>>> print(open('structure.cif').read())   # mmCIF, C-alpha atoms
data_final
loop_
_atom_site.label_atom_id
_atom_site.label_comp_id
_atom_site.auth_asym_id
_atom_site.auth_seq_id
_atom_site.Cartn_x
_atom_site.Cartn_y
_atom_site.Cartn_z
CA MET A 287 29.00 11.04 -17.20
CA THR A 288 31.45 11.65 -20.08
CA GLU A 289 33.97 14.44 -20.49
CA SER A 290 31.94 15.77 -23.42
CA ASN A 291 28.93 16.15 -21.16
CA VAL A 292 30.97 18.21 -18.72
CA ALA A 293 32.45 20.37 -21.42
CA ARG A 294 29.09 20.99 -23.05
CA ALA A 295 27.41 21.86 -19.77
CA GLY A 296 30.20 24.10 -18.54
CA ALA A 297 30.08 22.56 -15.05
CA ALA A 298 30.43 19.07 -13.60
CA TRP A 299 27.17 17.21 -13.04
CA PRO A 300 26.44 16.11 -9.45
CA ARG A 301 27.71 12.71 -8.39
CA PRO A 302 25.25 9.86 -9.13
CA LEU A 303 24.45 9.30 -5.44
CA VAL A 304 23.61 12.98 -4.99
CA ALA A 305 21.63 13.12 -8.23
CA TRP A 306 19.46 10.06 -7.61
CA THR A 307 18.91 11.03 -3.97
CA THR A 308 17.61 14.37 -5.21
CA ALA A 309 15.27 12.68 -7.68
CA ILE A 310 13.89 10.32 -5.03
CA LEU A 311 13.34 13.08 -2.46
CA LEU A 312 11.52 15.22 -5.03
CA MET A 313 9.46 12.17 -6.00
CA MET A 314 8.46 11.80 -2.35
CA ALA A 315 7.29 15.42 -2.32
CA ASN A 316 5.28 14.84 -5.51
CA THR A 317 3.86 11.69 -3.92
CA LEU A 318 2.45 13.63 -0.99
CA ALA A 319 1.02 16.23 -3.36
CA PHE A 320 -1.03 13.55 -5.12
CA VAL A 321 -2.00 11.82 -1.89
CA ASP A 322 -3.81 15.04 -1.02
CA ARG A 323 -5.53 15.25 -4.41
CA GLN A 324 -6.65 11.63 -4.69
CA ALA A 325 -7.88 11.42 -1.12
CA LEU A 326 -10.62 13.89 -2.03
CA ALA A 327 -11.68 11.72 -4.98
CA LEU A 328 -12.03 8.69 -2.71
CA LEU A 329 -14.25 10.68 -0.37
CA VAL A 330 -16.62 12.18 -2.96
CA GLN A 331 -19.69 10.27 -1.78
CA PRO A 332 -19.40 10.91 2.01
CA ILE A 333 -18.50 14.59 1.49
CA LYS A 334 -21.45 15.03 -0.87
CA ALA A 335 -23.78 13.51 1.70
CA ASP A 336 -22.39 15.44 4.66
CA LEU A 337 -22.07 18.88 3.04
CA HIS A 338 -25.01 18.50 0.60
CA VAL A 339 -22.97 19.09 -2.56
CA SER A 340 -23.79 18.16 -6.18
CA ASP A 341 -21.40 16.43 -8.60
CA THR A 342 -20.63 19.82 -10.13
CA GLY A 343 -19.87 21.27 -6.69
CA MET A 344 -17.51 18.38 -5.95
CA SER A 345 -15.75 18.93 -9.29
CA LEU A 346 -15.15 22.57 -8.29
CA LEU A 347 -13.79 21.40 -4.96
CA TYR A 348 -11.48 18.90 -6.67
CA GLY A 349 -10.34 21.15 -9.53
CA LEU A 350 -11.12 24.87 -9.36
CA SER A 351 -10.35 25.36 -5.67
CA PHE A 352 -6.98 23.70 -6.12
CA THR A 353 -6.19 25.53 -9.37
CA LEU A 354 -7.25 29.01 -8.25
CA PHE A 355 -4.21 29.87 -6.15
CA TYR A 356 -1.99 27.36 -7.93
CA VAL A 357 -2.34 29.58 -11.01
CA ILE A 358 -1.87 32.85 -9.10
CA VAL A 359 1.15 31.65 -7.11
CA GLY A 360 2.87 29.48 -9.73
CA ILE A 361 4.26 32.10 -12.10
CA PRO A 362 5.61 34.55 -9.46
CA VAL A 363 7.25 31.65 -7.60
CA ALA A 364 8.75 30.41 -10.88
CA ARG A 365 10.31 33.83 -11.49
CA ILE A 366 11.93 33.56 -8.08
CA ALA A 367 13.06 29.98 -8.81
CA ASP A 368 14.83 31.09 -12.01
CA ARG A 369 17.15 33.37 -10.01
CA SER A 370 17.33 31.98 -6.47
CA ASN A 371 17.57 28.82 -4.36
CA ARG A 372 15.08 26.29 -5.75
CA ARG A 373 15.53 23.81 -2.89
CA ASN A 374 14.16 26.33 -0.39
CA ILE A 375 11.11 26.92 -2.59
CA VAL A 376 10.39 23.18 -2.61
CA VAL A 377 10.73 22.98 1.19
CA GLY A 378 8.39 25.92 1.76
CA ALA A 379 5.84 24.60 -0.74
CA VAL A 380 5.60 21.18 0.94
CA PHE A 381 5.19 22.73 4.39
CA ILE A 382 2.44 25.14 3.28
CA TRP A 383 0.28 22.59 1.47
CA SER A 384 0.65 20.05 4.30
CA VAL A 385 -0.69 22.55 6.82
CA ALA A 386 -3.53 23.41 4.42
CA THR A 387 -4.35 19.70 4.02
CA ALA A 388 -4.68 19.34 7.78
CA ILE A 389 -6.98 22.38 7.82
CA CYS A 390 -9.26 20.49 5.38
CA GLY A 391 -9.82 18.12 8.29
CA ILE A 392 -11.45 20.78 10.44
CA ALA A 393 -13.61 22.29 7.68
CA ARG A 394 -17.30 21.99 8.56
CA SER A 395 -18.88 23.56 5.46
CA PHE A 396 -18.38 23.60 1.71
CA PRO A 397 -16.96 27.18 1.64
CA ALA A 398 -14.49 26.34 4.41
CA LEU A 399 -13.34 23.18 2.65
CA PHE A 400 -13.07 25.12 -0.63
CA LEU A 401 -10.81 27.73 0.98
CA ALA A 402 -8.64 25.04 2.56
CA ARG A 403 -8.21 23.43 -0.85
CA VAL A 404 -7.19 26.82 -2.23
CA GLY A 405 -4.41 26.77 0.37
CA VAL A 406 -3.31 23.32 -0.80
CA GLY A 407 -3.08 24.62 -4.35
CA ALA A 408 -1.12 27.67 -3.26
CA GLY A 409 1.49 25.41 -1.66
CA GLU A 410 1.72 22.92 -4.48
CA GLY A 411 2.09 25.74 -7.01
CA GLY A 412 5.71 26.12 -5.94
CA LEU A 413 6.77 22.48 -6.24
CA SER A 414 6.93 21.32 -9.85
CA PRO A 415 8.46 24.37 -11.59
CA ALA A 416 11.32 24.39 -9.07
CA ALA A 417 11.63 20.58 -9.13
CA TYR A 418 11.79 20.40 -12.95
CA SER A 419 14.51 23.06 -12.98
CA ILE A 420 16.51 21.29 -10.27
CA LEU A 421 16.38 17.97 -12.12
CA ALA A 422 17.38 19.55 -15.44
CA ASP A 423 20.54 20.84 -13.73
CA THR A 424 21.17 17.54 -11.96
CA PHE A 425 20.98 15.03 -14.85
CA PRO A 426 22.50 15.11 -18.36
CA LYS A 427 20.20 14.84 -21.38
CA ASP A 428 20.30 11.07 -21.78
CA ARG A 429 19.38 10.49 -18.10
CA LEU A 430 16.89 13.33 -17.64
CA PRO A 431 13.86 11.39 -19.00
CA VAL A 432 14.40 8.66 -16.39
CA ALA A 433 14.86 11.23 -13.61
CA LEU A 434 11.69 13.09 -14.60
CA GLY A 435 9.90 9.75 -14.88
CA ILE A 436 10.92 8.95 -11.30
CA TYR A 437 9.62 12.35 -10.18
CA GLN A 438 6.33 11.75 -11.98
CA MET A 439 6.00 8.36 -10.27
CA GLY A 440 4.78 10.43 -7.35
CA ILE A 441 1.49 10.91 -9.19
CA TYR A 442 0.78 7.21 -9.05
CA VAL A 443 2.46 6.37 -5.75
CA GLY A 444 0.54 9.23 -4.14
CA GLY A 445 -2.74 8.34 -5.78
CA ALA A 446 -2.35 4.72 -4.75
CA LEU A 447 -1.38 5.55 -1.17
CA ALA A 448 -4.41 7.83 -0.86
CA LEU A 449 -6.70 5.06 -2.07
CA VAL A 450 -5.14 2.25 -0.05
CA LEU A 451 -4.64 4.18 3.20
CA GLY A 452 -7.94 5.99 2.81
CA GLY A 453 -9.67 2.68 2.22
CA LEU A 454 -8.02 1.10 5.26
CA ILE A 455 -8.94 4.03 7.49
CA ALA A 456 -12.48 4.01 6.11
CA THR A 457 -12.76 0.29 6.89
CA HIS A 458 -11.99 0.91 10.58
CA VAL A 459 -13.48 4.42 10.85
CA PRO A 460 -16.36 4.84 8.38
CA PRO A 461 -16.30 8.25 6.59
CA SER A 462 -19.66 9.15 8.11
CA ALA A 463 -18.69 8.14 11.66
CA VAL A 464 -18.07 10.78 14.34
CA VAL A 465 -14.67 10.77 16.04
CA ALA A 466 -13.88 12.80 19.17
CA LEU A 467 -10.41 14.39 19.07
CA PRO A 468 -8.60 16.38 21.80
CA VAL A 469 -8.76 20.17 21.30
CA ILE A 470 -10.42 19.87 17.87
CA GLY A 471 -13.57 18.15 19.08
CA ASP A 472 -15.89 15.96 17.03
CA VAL A 473 -14.96 15.32 13.38
CA LYS A 474 -16.34 12.99 10.74
CA GLY A 475 -14.31 10.01 9.51
CA TRP A 476 -13.52 11.74 6.20
CA GLN A 477 -12.16 14.75 8.07
CA LEU A 478 -9.88 12.51 10.13
CA ILE A 479 -8.23 11.30 6.91
CA PHE A 480 -7.26 14.86 5.95
CA LEU A 481 -5.89 15.56 9.44
CA LEU A 482 -3.70 12.49 9.30
CA LEU A 483 -2.44 13.32 5.79
CA GLY A 484 -1.04 16.67 6.91
CA ILE A 485 1.50 15.17 9.31
CA PRO A 486 3.85 13.35 6.85
CA GLY A 487 4.23 16.46 4.69
CA ILE A 488 5.33 18.63 7.59
CA LEU A 489 7.98 16.03 8.48
CA LEU A 490 9.09 15.66 4.84
CA SER A 491 9.63 19.40 4.51
CA ILE A 492 12.43 19.03 7.07
CA VAL A 493 13.97 16.02 5.27
CA LEU A 494 13.99 17.94 1.97
CA LEU A 495 16.61 20.29 3.40
CA ALA A 496 19.06 17.51 2.51
CA ILE A 497 18.70 18.39 -1.20
CA ARG A 498 21.66 20.35 -2.56
CA GLU A 499 20.96 23.31 -4.83
CA PRO A 500 22.66 22.31 -8.14
CA VAL A 501 24.86 24.51 -10.31
CA ARG A 502 22.89 25.93 -13.24
CA GLN A 503 24.25 23.99 -16.22
CA GLY A 504 25.19 26.08 -19.24
CA SER A 505 24.46 29.36 -17.45
CA THR A 506 27.14 32.02 -17.67
CA GLY A 507 25.95 33.57 -14.42
CA GLU A 508 25.95 37.02 -16.03
CA THR A 509 22.16 37.29 -16.06
CA THR A 510 20.33 36.64 -12.82
CA ILE A 511 16.87 37.11 -14.24
CA VAL A 512 15.62 37.03 -17.83
CA PRO A 513 13.63 40.11 -18.90
CA LEU A 514 10.01 39.27 -19.71
CA PRO A 515 10.25 40.57 -23.32
CA ARG A 516 13.03 38.06 -23.91
CA PHE A 517 10.94 35.31 -22.36
CA PHE A 518 7.95 36.08 -24.60
CA ALA A 519 10.27 36.19 -27.60
CA GLN A 520 11.39 32.67 -26.68
CA LEU A 521 7.77 31.51 -26.59
CA ARG A 522 6.99 33.10 -29.96
CA GLY A 523 10.07 31.62 -31.57
CA ARG A 524 9.20 28.11 -30.35
CA TRP A 525 5.40 28.42 -30.37
CA GLN A 526 4.76 25.07 -32.01
CA ALA A 527 6.87 23.18 -29.47
CA TYR A 528 5.45 24.98 -26.43
CA THR A 529 1.84 24.97 -27.64
CA GLY A 530 1.90 21.37 -28.84
CA ILE A 531 3.63 19.95 -25.77
CA GLY A 532 1.75 22.19 -23.32
CA VAL A 533 -1.78 21.75 -24.66
CA GLY A 534 -1.21 18.12 -25.66
CA PHE A 535 -0.10 17.13 -22.17
CA ALA A 536 -2.78 19.33 -20.59
CA LEU A 537 -5.45 17.41 -22.52
CA MET A 538 -3.86 14.09 -21.58
CA ILE A 539 -3.87 15.19 -17.95
CA LEU A 540 -7.47 16.33 -18.38
CA VAL A 541 -8.29 12.70 -19.14
CA GLY A 542 -6.20 11.58 -16.15
CA ASN A 543 -7.70 14.07 -13.70
CA ALA A 544 -11.22 13.61 -15.01
CA THR A 545 -11.08 9.85 -14.66
CA GLY A 546 -9.02 9.91 -11.44
CA ALA A 547 -11.56 12.20 -9.80
CA TRP A 548 -14.57 10.10 -10.76
CA ILE A 549 -13.35 6.48 -10.94
CA PRO A 550 -14.08 5.82 -7.22
CA ALA A 551 -17.62 7.20 -7.64
CA PHE A 552 -17.94 5.26 -10.93
CA LEU A 553 -16.99 1.99 -9.24
CA GLU A 554 -19.40 2.66 -6.40
CA ARG A 555 -22.34 3.69 -8.58
CA LYS A 556 -21.99 1.11 -11.36
CA PHE A 557 -20.70 -1.92 -9.45
CA GLY A 558 -21.77 -1.18 -5.86
CA MET A 559 -18.23 -1.28 -4.44
CA THR A 560 -17.62 0.14 -0.97
CA THR A 561 -14.95 2.72 -0.11
CA GLY A 562 -12.79 -0.01 1.43
CA GLN A 563 -13.17 -2.27 -1.62
CA ILE A 564 -12.29 0.56 -3.98
CA GLY A 565 -9.16 1.40 -2.02
CA ALA A 566 -8.08 -2.25 -1.88
CA SER A 567 -8.53 -2.89 -5.61
CA TYR A 568 -8.05 0.43 -7.40
CA GLY A 569 -5.19 1.66 -5.18
CA PRO A 570 -2.66 -1.14 -5.89
CA LEU A 571 -3.61 -0.96 -9.58
CA VAL A 572 -2.68 2.72 -9.74
CA LEU A 573 0.57 2.05 -7.89
CA VAL A 574 1.80 -0.90 -9.97
CA CYS A 575 0.62 0.23 -13.41
CA GLY A 576 1.34 3.95 -13.00
CA VAL A 577 4.82 3.49 -11.55
CA ALA A 578 5.68 0.84 -14.15
CA GLY A 579 4.49 3.16 -16.91
CA THR A 580 6.49 6.20 -15.77
CA PHE A 581 9.64 4.14 -15.30
CA ALA A 582 9.22 2.27 -18.60
CA GLY A 583 8.50 5.47 -20.51
CA GLY A 584 11.56 7.25 -19.16
CA LEU A 585 13.78 4.24 -19.89
CA PHE A 586 12.33 3.87 -23.38
CA ALA A 587 12.88 7.55 -24.23
CA GLY A 588 16.46 7.35 -22.94
CA PHE A 589 17.03 4.11 -24.88
CA LEU A 590 15.82 5.68 -28.12
CA ARG A 591 17.99 8.74 -27.51
CA ARG A 592 21.10 6.62 -27.04
CA ARG A 593 20.26 4.74 -30.24
CA GLY A 594 20.31 7.93 -32.28
CA PHE A 595 16.60 8.87 -32.31
CA ARG A 596 17.03 12.61 -31.90
CA TYR A 597 13.34 13.25 -31.17
CA ALA A 598 13.05 10.27 -28.83
CA ASN A 599 11.51 12.21 -25.94
CA LEU A 600 8.29 12.95 -27.83
CA GLN A 601 8.40 9.85 -30.04
CA ALA A 602 8.11 7.74 -26.89
CA ALA A 603 5.19 9.88 -25.69
CA LEU A 604 3.37 9.35 -29.01
CA LEU A 605 3.10 5.65 -28.20
CA GLY A 606 1.45 6.34 -24.86
CA PHE A 607 -0.89 9.01 -26.26
CA SER A 608 -2.07 6.68 -29.02
CA ALA A 609 -2.76 3.80 -26.63
CA LEU A 610 -4.76 6.05 -24.29
CA ILE A 611 -7.48 6.73 -26.86
CA PRO A 612 -9.15 3.29 -26.90
CA VAL A 613 -8.63 2.35 -23.24
CA SER A 614 -9.87 5.65 -21.79
CA VAL A 615 -13.08 5.47 -23.83
CA ALA A 616 -13.71 1.76 -23.27
CA PHE A 617 -13.19 1.25 -19.53
CA PRO A 618 -16.39 2.99 -18.30
CA LEU A 619 -18.44 0.93 -20.78
CA MET A 620 -17.32 -2.45 -19.42
CA SER A 621 -20.02 -4.69 -17.95
CA THR A 622 -17.93 -6.07 -15.08
CA ALA A 623 -15.68 -4.46 -12.49
CA THR A 624 -12.85 -6.85 -13.43
CA TRP A 625 -12.74 -5.69 -17.04
CA ALA A 626 -13.15 -2.05 -16.05
CA LEU A 627 -10.25 -2.27 -13.59
CA THR A 628 -8.09 -4.08 -16.16
CA LEU A 629 -8.51 -1.25 -18.64
CA ILE A 630 -8.03 1.34 -15.88
CA GLY A 631 -4.69 -0.31 -15.13
CA MET A 632 -3.70 -0.08 -18.81
CA MET A 633 -4.77 3.57 -18.87
CA ASN A 634 -2.56 4.37 -15.88
CA PHE A 635 0.40 2.58 -17.47
CA PHE A 636 0.21 4.46 -20.76
CA ALA A 637 -0.51 7.80 -19.10
CA GLY A 638 2.59 7.40 -16.95
CA PHE A 639 4.60 6.24 -19.98
CA ASN A 640 4.45 9.76 -21.45
CA PHE A 641 5.69 11.95 -18.63
CA GLY A 642 9.46 11.49 -18.54
CA GLY A 643 10.13 12.07 -22.24
CA GLY A 644 7.61 14.87 -22.64
CA LEU A 645 8.89 16.88 -19.69
CA ALA A 646 12.49 16.31 -20.76
CA ALA A 647 11.63 17.73 -24.21
CA LEU A 648 10.20 20.86 -22.62
CA GLN A 649 13.34 21.41 -20.56
CA GLU A 650 15.58 20.67 -23.53
CA VAL A 651 14.21 23.44 -25.77
CA THR A 652 14.29 26.06 -22.97
CA PRO A 653 17.27 28.18 -21.84
CA ASN A 654 18.36 27.55 -18.27
CA ARG A 655 17.09 30.69 -16.56
CA MET A 656 13.71 30.39 -18.23
CA ARG A 657 13.05 26.79 -17.26
CA ALA A 658 11.12 27.36 -14.04
CA LEU A 659 9.00 30.06 -15.70
CA VAL A 660 8.28 27.85 -18.73
CA SER A 661 7.50 24.96 -16.39
CA SER A 662 5.12 27.23 -14.51
CA GLY A 663 3.37 28.12 -17.77
CA TYR A 664 3.13 24.40 -18.51
CA MET A 665 1.66 23.80 -15.06
CA LEU A 666 -0.75 26.68 -15.65
CA LEU A 667 -2.10 24.94 -18.76
CA VAL A 668 -2.13 21.57 -17.04
CA ASN A 669 -4.11 22.88 -14.09
CA LEU A 670 -6.54 25.13 -15.94
CA ILE A 671 -7.31 22.56 -18.64
CA GLY A 672 -6.55 19.33 -16.82
CA ALA A 673 -7.01 19.70 -13.07
CA ALA A 674 -9.92 22.14 -13.19
CA GLY A 675 -11.44 21.29 -16.56
CA GLY A 676 -11.37 17.49 -16.41
CA PRO A 677 -13.44 16.80 -13.28
CA LEU A 678 -15.76 19.69 -14.15
CA ALA A 679 -16.35 18.45 -17.70
CA ILE A 680 -17.55 15.05 -16.50
CA ALA A 681 -19.67 16.60 -13.76
CA LEU A 682 -21.37 19.01 -16.19
CA VAL A 683 -22.12 16.22 -18.66
CA THR A 684 -23.53 14.08 -15.83
CA ASP A 685 -25.59 16.83 -14.16
CA TYR A 686 -26.80 18.80 -17.19
CA TRP A 687 -26.54 16.64 -20.32
CA PHE A 688 -27.73 13.32 -18.88
CA ALA A 689 -29.25 14.89 -15.72
CA ASP A 690 -28.72 11.57 -13.97
CA PRO A 691 -25.84 10.60 -11.62
CA GLY A 692 -26.34 7.02 -12.79
CA GLU A 693 -25.08 7.99 -16.26
CA LEU A 694 -21.62 8.81 -14.93
CA PRO A 695 -20.02 5.98 -17.02
CA LEU A 696 -21.34 7.49 -20.27
CA ALA A 697 -20.19 10.94 -19.21
CA ILE A 698 -16.66 9.64 -18.61
CA ALA A 699 -16.58 7.89 -21.99
CA ALA A 700 -17.86 10.99 -23.83
CA VAL A 701 -15.28 13.34 -22.32
CA CYS A 702 -12.42 10.89 -23.00
CA ALA A 703 -13.59 10.34 -26.59
CA ILE A 704 -13.12 14.05 -27.28
CA ALA A 705 -10.04 14.88 -25.20
CA SER A 706 -7.83 11.86 -25.95
CA PRO A 707 -7.68 12.29 -29.76
CA LEU A 708 -7.20 16.06 -29.40
CA ALA A 709 -4.24 15.42 -27.09
CA LEU A 710 -2.59 13.29 -29.80
CA LEU A 711 -3.11 15.98 -32.46
CA PHE A 712 -1.50 18.65 -30.30
CA LEU A 713 1.41 16.37 -29.47
CA LEU A 714 2.07 15.94 -33.21
CA LEU A 715 2.25 19.74 -33.48
CA GLY A 716 4.65 19.74 -30.54
CA LEU A 717 6.85 17.15 -32.25
CA LYS A 718 7.14 19.39 -35.30
CA GLY A 719 8.19 22.35 -33.16
CA TYR A 720 10.52 20.19 -31.07
CA ALA A 721 12.33 19.03 -34.22
CA ALA A 722 12.73 22.64 -35.36
CA ALA A 723 14.08 23.70 -31.96
CA LEU A 724 16.66 20.89 -31.91
CA ALA A 725 17.93 22.06 -35.30
CA THR A 726 19.38 25.19 -33.62
CA PRO A 727 22.78 25.21 -31.90
CA ASP A 728 22.96 23.98 -28.29
CA ALA A 729 24.16 27.38 -27.06
CA ASP A 730 21.03 29.06 -28.39
CA ARG A 731 18.81 26.75 -26.35
CA MET A 732 20.76 25.97 -23.22
CA SER A 733 22.56 29.15 -22.14
CA ILE A 734 21.51 32.38 -20.37
#
>>> encode(input="structure.cif", output="structure tokens")
Amino acid sequence: MTESNVARAGAAWPRPLVAWTTAILLMMANTLAFVDRQALALLVQPIKADLHVSDTGMSLLYGLSFTLFYVIVGIPVARIADRSNRRNIVVGAVFIWSVATAICGIARSFPALFLARVGVGAGEGGLSPAAYSILADTFPKDRLPVALGIYQMGIYVGGALALVLGGLIATHVPPSAVVALPVIGDVKGWQLIFLLLGIPGILLSIVLLAIREPVRQGSTGETTIVPLPRFFAQLRGRWQAYTGIGVGFALMILVGNATGAWIPAFLERKFGMTTGQIGASYGPLVLVCGVAGTFAGGLFAGFLRRRGFRYANLQAALLGFSALIPVSVAFPLMSTATWALTLIGMMNFFAGFNFGGGLAALQEVTPNRMRALVSSGYMLLVNLIGAAGGPLAIALVTDYWFADPGELPLAIAAVCAIASPLALLFLLLGLKGYAAALATPDADRMSI
């Protein structure tokens, strides 16, 4: 950290050990969040059979149930995060969704499981807006893309752990098997997985108390909460940046959530792979390629920034967005599982490549005490369009356009062929707005 960084921020940045410990602990929280999400995708087939649910019903369970309270809770919690202790919000969020995940394990009907998933979404709604704001006050501009990339690694570490651990458990306790548990009674194998997943999160919520609430960089401390009219004026004044980045990334995440929700079912239906085989092959692929992509993308954005590329955060993301178009459309059309998995690995790499720089750009154009609220608006778009819309879009195309579960590969390809190019177009709009925002003085963007 240079003296100029300190002077510009108005307060010393945390020591490197403190900063990177914070990033890793927040990444662990994000990891558990995505373990919960991806575990459901792995268990689509046994849950469908046990609860008599269609593909469309499963898409609502994967997306809408999670998004419903995520959307309702996210913005109010973000308002609190912009004026109070963000660490405590993260701790409470992890504890709440972990308990809700365990409750999924005792659900014995579709409505009960739906409501439990709503609880998971309510908890996770408090994590990312507070985490983004913490990281933006913990790392200077040239290191923030890497820090946000590390945080976003949780998407892939969590997804991979869900697949690998879920596959291992399913190998020893088949999802349709009945297991007798003390107090709870008989549960199916897929319910046992949810019960086990709730325990680590409860323990992690205690560990997260080690995070230190950072000083708000560039904030004068005179305003504890930004009036909503001022917030909406900020959005109007930077509409191209916020719309382009928000919708562009939401569409990219639509592709990620849509494919992530249905790839296990795709591999089972097209290639006859078992739950254990899917976990053993797809899980490590998500881990290695996704983590490598997020880390590489954050490093690349930071490298460009240090080399004088002022718009490096989104310029790096453009590379990943462009590469996603062909691979996301092609993988479901492959004739062998090997080729399909190869392209799925490439898709995870380039999806992860985008996160660090894109999220850093969003934080960079937003005043300090609006960051959690802006991040919540971003998460609102991501979850409405991506988390809820992606799985549902593929399910609707499968159930009502093709009217044949066996046509799932074509449904995946069709949705990706529309969403991936649209994501790139919106990102280009965001780049235009980002450039305009960076043309204003630092004080106009970073203070409050």
>>> resolve_selection(input="structure.cif", expression="the PyMOL selection byres ((chain A and resi 690-692) around 10)", output="PyMOL selection string")
chain A and resi 340-341+551-552+555-556+681+683-689+693-697
>>> write_last_selection(input="structure.cif", atoms="C-alpha atoms", output="PDB file, in the frame of the given file")
ATOM      1  CA  SER A 340     -23.790  18.160  -6.180  1.00  0.00           C
ATOM      2  CA  ASP A 341     -21.400  16.430  -8.600  1.00  0.00           C
ATOM      3  CA  ALA A 551     -17.620   7.200  -7.640  1.00  0.00           C
ATOM      4  CA  PHE A 552     -17.940   5.260 -10.930  1.00  0.00           C
ATOM      5  CA  ARG A 555     -22.340   3.690  -8.580  1.00  0.00           C
ATOM      6  CA  LYS A 556     -21.990   1.110 -11.360  1.00  0.00           C
ATOM      7  CA  ALA A 681     -19.670  16.600 -13.760  1.00  0.00           C
ATOM      8  CA  VAL A 683     -22.120  16.220 -18.660  1.00  0.00           C
ATOM      9  CA  THR A 684     -23.530  14.080 -15.830  1.00  0.00           C
ATOM     10  CA  ASP A 685     -25.590  16.830 -14.160  1.00  0.00           C
ATOM     11  CA  TYR A 686     -26.800  18.800 -17.190  1.00  0.00           C
ATOM     12  CA  TRP A 687     -26.540  16.640 -20.320  1.00  0.00           C
ATOM     13  CA  PHE A 688     -27.730  13.320 -18.880  1.00  0.00           C
ATOM     14  CA  ALA A 689     -29.250  14.890 -15.720  1.00  0.00           C
ATOM     15  CA  GLU A 693     -25.080   7.990 -16.260  1.00  0.00           C
ATOM     16  CA  LEU A 694     -21.620   8.810 -14.930  1.00  0.00           C
ATOM     17  CA  PRO A 695     -20.020   5.980 -17.020  1.00  0.00           C
ATOM     18  CA  LEU A 696     -21.340   7.490 -20.270  1.00  0.00           C
ATOM     19  CA  ALA A 697     -20.190  10.940 -19.210  1.00  0.00           C
TER      20      ALA A 697
END
>>> resolve_selection(input="structure.cif", expression="the PyMOL selection byres ((chain A and resi 533) around 8)", output="VMD selection string")
chain A and resid 529 to 532 534 to 537 667 to 668 709 712 to 713
>>> resolve_selection(input="structure.cif", expression="the PyMOL selection byres ((chain A and resi 585-588) around 6)", output="VMD selection string")
chain A and resid 428 432 582 to 584 589 to 591 598 to 599 602 643
>>> residues_around(input="structure.cif", residues="Val363 (chain A)", least_positions_apart="6", cutoff="9 Å", atoms="only C-alpha atoms", output="PDB file with C-alpha atoms, in the frame of the given file")
ATOM      1  CA  ILE A 375      11.110  26.920  -2.590  1.00  0.00           C
ATOM      2  CA  GLY A 411       2.090  25.740  -7.010  1.00  0.00           C
ATOM      3  CA  GLY A 412       5.710  26.120  -5.940  1.00  0.00           C
ATOM      4  CA  PRO A 415       8.460  24.370 -11.590  1.00  0.00           C
ATOM      5  CA  ALA A 416      11.320  24.390  -9.070  1.00  0.00           C
ATOM      6  CA  ALA A 658      11.120  27.360 -14.040  1.00  0.00           C
ATOM      7  CA  LEU A 659       9.000  30.060 -15.700  1.00  0.00           C
ATOM      8  CA  SER A 662       5.120  27.230 -14.510  1.00  0.00           C
TER       9      SER A 662
END
>>> residues_around(input="structure.cif", residues="Gln649 (chain A)", least_positions_apart="3", cutoff="9 Å", atoms="only C-alpha atoms", output="ChimeraX atom specification")
/A:418-419,422,644-646,652-654,657,660-661
>>> residues_around(input="structure.cif", residues="Pro612 (chain A)", least_positions_apart="3", cutoff="12 Å", atoms="all atoms listed in the file", output="list in words")
Gly606, Phe607, Ser608, Ala609, Val615, Ala616, Phe617, Pro618, Leu619, Leu629, Ile630, Met632, Met633, Phe636, Ala699, Cys702, Ala703, Ile704, Ala705, Ser706 and Pro707 of chain A
>>> closest_atom_pairs(input="structure.cif", of="region 357-447 of chain A", to="region 485-507 of chain A", cutoff="6 Å", atoms="all atoms listed in the file", output="Markdown table")
| residue | atom | partner | partner_atom | distance |
| --- | --- | --- | --- | --- |
| A:Arg373 | CA | A:Glu499 | CA | 5.8 |
| A:Val377 | CA | A:Ser491 | CA | 5.0 |
| A:Val380 | CA | A:Ser491 | CA | 5.7 |
| A:Phe381 | CA | A:Ile488 | CA | 5.2 |
| A:Ser384 | CA | A:Gly487 | CA | 5.1 |
| A:Asp423 | CA | A:Gln503 | CA | 5.5 |
>>> write_last_selection(input="structure.cif", atoms="C-alpha atoms", output="mmCIF file, in the frame of the given file")
data_model
loop_
_atom_site.group_PDB
_atom_site.id
_atom_site.type_symbol
_atom_site.label_atom_id
_atom_site.label_comp_id
_atom_site.auth_asym_id
_atom_site.auth_seq_id
_atom_site.Cartn_x
_atom_site.Cartn_y
_atom_site.Cartn_z
ATOM 1 C CA ARG A 373 15.530 23.810 -2.890
ATOM 2 C CA VAL A 377 10.730 22.980 1.190
ATOM 3 C CA VAL A 380 5.600 21.180 0.940
ATOM 4 C CA PHE A 381 5.190 22.730 4.390
ATOM 5 C CA SER A 384 0.650 20.050 4.300
ATOM 6 C CA ASP A 423 20.540 20.840 -13.730
#
>>> axis_aligned_box(input="structure.cif", around="region 646-655 of chain A", padding_each_side="3 Å", output="lines of an AutoDock Vina configuration file")
center_x = 14.3
center_y = 23.5
center_z = -21.2
size_x = 14.2
size_y = 20.4
size_z = 15.2
>>> closest_residue(input="structure.cif", among="A:Lys474, A:Arg429, A:Arg372, A:Arg323", to="Arg403 (chain A)", atoms="all atoms listed in the file")
A:Arg323
>>> residues_around(input="structure.cif", residues="region 543-547 of chain A", least_positions_apart="6", cutoff="10 Å", atoms="all atoms listed in the file", output="ChimeraX atom specification")
/A:323-330,344-345,348-349,445,536-537,572,614,618,630,633-634,668-669,671-681,698-699,701-702
